[in-house]
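Coordinates from coords10.cif are shown below (mmCIF, C-alpha atoms).
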```cif
data_run
loop_
_atom_site.group_PDB
_atom_site.id
_atom_site.type_symbol
_atom_site.label_atom_id
_atom_site.label_comp_id
_atom_site.auth_asym_id
_atom_site.auth_seq_id
_atom_site.Cartn_x
_atom_site.Cartn_y
_atom_site.Cartn_z
ATOM 1 C CA MET A 1 2.204 -36.983 -4.918
ATOM 2 C CA ALA A 2 3.781 -33.585 -5.576
ATOM 3 C CA GLU A 3 2.438 -30.745 -3.490
ATOM 4 C CA PHE A 4 1.316 -27.683 -5.429
ATOM 5 C CA TRP A 5 1.909 -24.411 -3.631
ATOM 6 C CA MET A 6 0.624 -21.126 -4.944
ATOM 7 C CA GLN A 7 1.849 -17.894 -3.407
ATOM 8 C CA ARG A 8 -0.994 -16.014 -1.737
ATOM 9 C CA LYS A 9 -1.601 -12.533 -3.043
ATOM 10 C CA VAL A 10 -2.953 -9.686 -0.914
ATOM 11 C CA ALA A 11 -3.786 -6.114 -1.911
ATOM 12 C CA LEU A 12 -3.961 -4.047 1.259
ATOM 13 C CA PHE A 13 -5.781 -0.741 0.789
ATOM 14 C CA ALA A 14 -4.955 1.879 3.423
ATOM 15 C CA PHE A 15 -7.911 4.280 3.341
ATOM 16 C CA ASN A 16 -8.068 5.705 6.856
ATOM 17 C CA GLY A 17 -5.680 8.601 7.483
ATOM 18 C CA ASP A 18 -5.542 8.034 11.233
ATOM 19 C CA PRO A 19 -1.851 7.277 11.914
ATOM 20 C CA MET A 20 -2.885 4.326 14.128
ATOM 21 C CA CYS A 21 -4.666 2.752 11.147
ATOM 22 C CA VAL A 22 -1.818 3.497 8.749
ATOM 23 C CA VAL A 23 0.778 1.904 11.029
ATOM 24 C CA HIS A 24 -1.344 -1.253 11.103
ATOM 25 C CA ALA A 25 -1.462 -1.276 7.304
ATOM 26 C CA LEU A 26 2.327 -0.887 7.204
ATOM 27 C CA ILE A 27 3.172 -3.535 9.795
ATOM 28 C CA ASN A 28 0.734 -6.019 8.287
ATOM 29 C CA ALA A 29 2.203 -5.454 4.828
ATOM 30 C CA LEU A 30 5.660 -6.088 6.279
ATOM 31 C CA GLU A 31 4.462 -9.266 7.994
ATOM 32 C CA PHE A 32 2.764 -10.600 4.853
ATOM 33 C CA HIS A 33 5.971 -9.936 2.934
ATOM 34 C CA ALA A 34 8.136 -11.647 5.572
ATOM 35 C CA LYS A 35 5.869 -14.705 5.377
ATOM 36 C CA GLY A 36 6.247 -14.921 1.603
ATOM 37 C CA TYR A 37 3.001 -13.366 0.456
ATOM 38 C CA ASP A 38 2.839 -11.283 -2.705
ATOM 39 C CA ILE A 39 1.691 -8.059 -1.025
ATOM 40 C CA LYS A 40 0.662 -4.777 -2.618
ATOM 41 C CA LEU A 41 0.035 -1.774 -0.362
ATOM 42 C CA ILE A 42 -2.172 0.935 -1.820
ATOM 43 C CA PHE A 43 -2.572 4.394 -0.254
ATOM 44 C CA GLU A 44 -6.140 5.613 -0.822
ATOM 45 C CA GLY A 45 -8.502 8.102 0.775
ATOM 46 C CA SER A 46 -7.205 10.209 3.634
ATOM 47 C CA ALA A 47 -4.215 7.847 4.103
ATOM 48 C CA SER A 48 -2.761 9.284 0.883
ATOM 49 C CA GLY A 49 -2.465 12.602 2.712
ATOM 50 C CA LEU A 50 0.151 11.161 5.088
ATOM 51 C CA ILE A 51 2.848 10.119 2.616
ATOM 52 C CA GLY A 52 4.842 13.315 3.133
ATOM 53 C CA LYS A 53 4.791 13.099 6.926
ATOM 54 C CA LEU A 54 5.543 9.365 6.883
ATOM 55 C CA ASN A 55 8.644 10.067 4.807
ATOM 56 C CA GLU A 56 10.089 12.431 7.449
ATOM 57 C CA ALA A 57 12.873 10.787 9.473
ATOM 58 C CA GLY A 58 11.531 12.256 12.736
ATOM 59 C CA ASN A 59 8.090 10.713 12.323
ATOM 60 C CA PRO A 60 7.564 7.752 14.697
ATOM 61 C CA LEU A 61 6.081 5.737 11.801
ATOM 62 C CA HIS A 62 8.906 6.543 9.388
ATOM 63 C CA TYR A 63 10.783 3.306 10.098
ATOM 64 C CA TYR A 64 7.836 1.155 8.940
ATOM 65 C CA TYR A 65 7.072 3.391 5.975
ATOM 66 C CA ALA A 66 10.715 3.422 4.835
ATOM 67 C CA ARG A 67 10.915 -0.374 5.148
ATOM 68 C CA ALA A 68 7.723 -0.833 3.133
ATOM 69 C CA LYS A 69 9.083 1.491 0.436
ATOM 70 C CA ASP A 70 12.551 -0.100 0.438
ATOM 71 C CA GLU A 71 11.046 -3.574 0.104
ATOM 72 C CA GLY A 72 8.860 -2.452 -2.817
ATOM 73 C CA LEU A 73 5.579 -3.107 -1.018
ATOM 74 C CA ILE A 74 3.888 0.199 -1.895
ATOM 75 C CA ASP A 75 2.173 -0.501 -5.183
ATOM 76 C CA CYS A 76 0.590 2.893 -5.688
ATOM 77 C CA VAL A 77 -1.034 6.022 -4.336
ATOM 78 C CA CYS A 78 -4.490 7.129 -5.450
ATOM 79 C CA ARG A 79 -4.111 10.000 -7.905
ATOM 80 C CA ALA A 80 -7.489 11.600 -7.081
ATOM 81 C CA CYS A 81 -6.997 11.396 -3.313
ATOM 82 C CA ALA A 82 -3.391 12.593 -3.423
ATOM 83 C CA THR A 83 -4.568 15.539 -5.512
ATOM 84 C CA LYS A 84 -7.376 16.299 -3.045
ATOM 85 C CA ASN A 85 -5.047 15.897 -0.045
ATOM 86 C CA GLY A 86 -2.275 18.034 -1.575
ATOM 87 C CA THR A 87 0.295 15.231 -1.680
ATOM 88 C CA ILE A 88 0.480 14.480 -5.402
ATOM 89 C CA ASP A 89 3.785 16.346 -5.742
ATOM 90 C CA GLU A 90 5.105 14.424 -2.741
ATOM 91 C CA ALA A 91 4.112 11.125 -4.367
ATOM 92 C CA LYS A 92 5.969 12.147 -7.527
ATOM 93 C CA LYS A 93 8.983 13.307 -5.486
ATOM 94 C CA GLN A 94 9.099 9.919 -3.741
ATOM 95 C CA GLU A 95 8.691 8.224 -7.139
ATOM 96 C CA LEU A 96 5.550 6.412 -6.011
ATOM 97 C CA LYS A 97 3.302 5.122 -8.771
ATOM 98 C CA LEU A 98 -0.046 6.895 -9.059
ATOM 99 C CA CYS A 99 -3.092 4.768 -9.894
ATOM 100 C CA ASP A 100 -6.186 6.265 -11.458
ATOM 101 C CA GLU A 101 -7.928 3.632 -13.579
ATOM 102 C CA LEU A 102 -11.258 3.861 -11.674
ATOM 103 C CA PHE A 103 -12.479 7.428 -12.106
ATOM 104 C CA GLY A 104 -9.158 8.710 -10.761
ATOM 105 C CA HIS A 105 -8.778 5.967 -8.100
ATOM 106 C CA PRO A 106 -7.097 2.535 -8.032
ATOM 107 C CA SER A 107 -9.391 -0.290 -9.096
ATOM 108 C CA MET A 108 -10.028 -3.038 -6.540
ATOM 109 C CA ALA A 109 -11.523 -5.146 -9.343
ATOM 110 C CA ARG A 110 -8.194 -5.021 -11.200
ATOM 111 C CA TYR A 111 -6.378 -6.444 -8.183
ATOM 112 C CA MET A 112 -9.010 -9.167 -7.797
ATOM 113 C CA GLU A 113 -8.743 -10.021 -11.490
ATOM 114 C CA GLU A 114 -4.988 -10.435 -10.913
ATOM 115 C CA GLY A 115 -5.733 -12.908 -8.107
ATOM 116 C CA TYR A 116 -5.288 -10.644 -5.073
ATOM 117 C CA GLU A 117 -7.397 -10.877 -1.933
ATOM 118 C CA ILE A 118 -8.515 -7.398 -0.825
ATOM 119 C CA ILE A 119 -8.051 -6.058 2.691
ATOM 120 C CA ALA A 120 -9.127 -2.488 3.451
ATOM 121 C CA ILE A 121 -7.959 -0.623 6.547
#
```

Rewrite the structure of this file - the entire thing - as structure tokens.
Amino acid sequence: MAEFWMQRKVALFAFNGDPMCVVHALINALEFHAKGYDIKLIFEGSASGLIGKLNEAGNPLHYYYARAKDEGLIDCVCRACATKNGTIDEAKKQELKLCDELFGHPSMARYMEEGYEIIAI
């Protein structure tokens, strides 16, 4: 009997802007990716306010952020939250996709409809 394997899909929403929470979102996204998951990392809420600092080479979390970006794991940044947090220009500068289909925010329902499990940090 042939075994049917379907790649697991996870949408990891980083909401909390505490750097300790964001690093856990980043390292978990990297682990999911290394284990073959289809992972999408979404920066929402106050976490969207950190994208500029995370992109600075001197930031202790830069290594994880740069790896997540280089490996294409960051699916999008919330347009409304990046606007509120003053990082929308930074998102554009880093060429990060902005999502806004749910009243200016990324839609969790859309990810679920695409077969993703949702994890929020």

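Taking atom CA of Leu96 of chain A and atom CA of Tyr65 of chain A as the two end points, the separation is 12.5 Å.
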
Atom CA of Val22 of chain A to atom CA of Pro60 of chain A, distance in Å rounded to a single decimal: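 According to the coordinates, atom CA of Val22 of chain A and atom CA of Pro60 of chain A are separated by 11.9 Å.
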
Can you turn the PyMOL selection byres ((chain A and resi 98-110) around 10) into a concrete residue list for this file, as an mmCIF file with C-alpha atoms, in the frame of the given file?
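So the final result, stored in part.cif, reads:
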```cif
data_model
loop_
_atom_site.group_PDB
_atom_site.id
_atom_site.type_symbol
_atom_site.label_atom_id
_atom_site.label_comp_id
_atom_site.auth_asym_id
_atom_site.auth_seq_id
_atom_site.Cartn_x
_atom_site.Cartn_y
_atom_site.Cartn_z
ATOM 1 C CA ALA A 11 -3.786 -6.114 -1.911
ATOM 2 C CA LEU A 12 -3.961 -4.047 1.259
ATOM 3 C CA PHE A 13 -5.781 -0.741 0.789
ATOM 4 C CA ILE A 42 -2.172 0.935 -1.820
ATOM 5 C CA PHE A 43 -2.572 4.394 -0.254
ATOM 6 C CA GLU A 44 -6.140 5.613 -0.822
ATOM 7 C CA GLY A 45 -8.502 8.102 0.775
ATOM 8 C CA ASP A 75 2.173 -0.501 -5.183
ATOM 9 C CA CYS A 76 0.590 2.893 -5.688
ATOM 10 C CA VAL A 77 -1.034 6.022 -4.336
ATOM 11 C CA CYS A 78 -4.490 7.129 -5.450
ATOM 12 C CA ARG A 79 -4.111 10.000 -7.905
ATOM 13 C CA ALA A 80 -7.489 11.600 -7.081
ATOM 14 C CA CYS A 81 -6.997 11.396 -3.313
ATOM 15 C CA ALA A 82 -3.391 12.593 -3.423
ATOM 16 C CA THR A 83 -4.568 15.539 -5.512
ATOM 17 C CA ILE A 88 0.480 14.480 -5.402
ATOM 18 C CA ALA A 91 4.112 11.125 -4.367
ATOM 19 C CA LYS A 92 5.969 12.147 -7.527
ATOM 20 C CA GLU A 95 8.691 8.224 -7.139
ATOM 21 C CA LEU A 96 5.550 6.412 -6.011
ATOM 22 C CA LYS A 97 3.302 5.122 -8.771
ATOM 23 C CA TYR A 111 -6.378 -6.444 -8.183
ATOM 24 C CA MET A 112 -9.010 -9.167 -7.797
ATOM 25 C CA GLU A 113 -8.743 -10.021 -11.490
ATOM 26 C CA GLU A 114 -4.988 -10.435 -10.913
ATOM 27 C CA GLY A 115 -5.733 -12.908 -8.107
ATOM 28 C CA TYR A 116 -5.288 -10.644 -5.073
ATOM 29 C CA GLU A 117 -7.397 -10.877 -1.933
ATOM 30 C CA ILE A 118 -8.515 -7.398 -0.825
ATOM 31 C CA ILE A 119 -8.051 -6.058 2.691
#
```

Close residues, Thr87 of chain A itself excluded, 8 Å, only C-alpha atoms, min 5 positions apart in chain, as a PyMOL selection string: chain A and resi 48-52+82

One-decimal distance in Å that lies between atom CA of Asp89 of chain A and atom CA of Lys9 of chain A: 29.5 Å

Closest of A:Asn85, A:Leu54, A:Ala120, A:Leu73 to Ala29 of chain A - atom-to-atom distances counting all atoms listed in the file: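 Among the listed residues, the smallest separation from Ala29 of chain A belongs to A:Leu73.
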
Work out where the centre of an axis-aligned box around every listed atom of segment 97-109 of chain A lies and how long its edges are once 4 Å is added on each side; give both in Å to one decimal as AutoDock Vina command-line options.
```
--center_x -4.6 --center_y 1.8 --center_z -10.1 --size_x 23.8 --size_y 21.9 --size_z 15.0
```

Best match for closeness to Ile39 of chain A among A:Gly58, A:Leu26, A:Phe15, A:Lys84, counting only C-alpha atoms: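 Selected residue with least distance to Ile39 of chain A: A:Leu26.
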
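Comparing the minimum interatomic distances between Gly86 of chain A and each of A:Asn55, A:Ile74, A:Ile121, A:Ser46, counting only C-alpha atoms, we find that A:Ser46 sits nearest.
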
Among listed residues A:Lys69, A:Tyr64, A:Arg8, A:Glu56, nearest His24 of chain A (using all atoms listed in the file):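 With all atoms listed in the file as the atom set, the closest residue is A:Tyr64.
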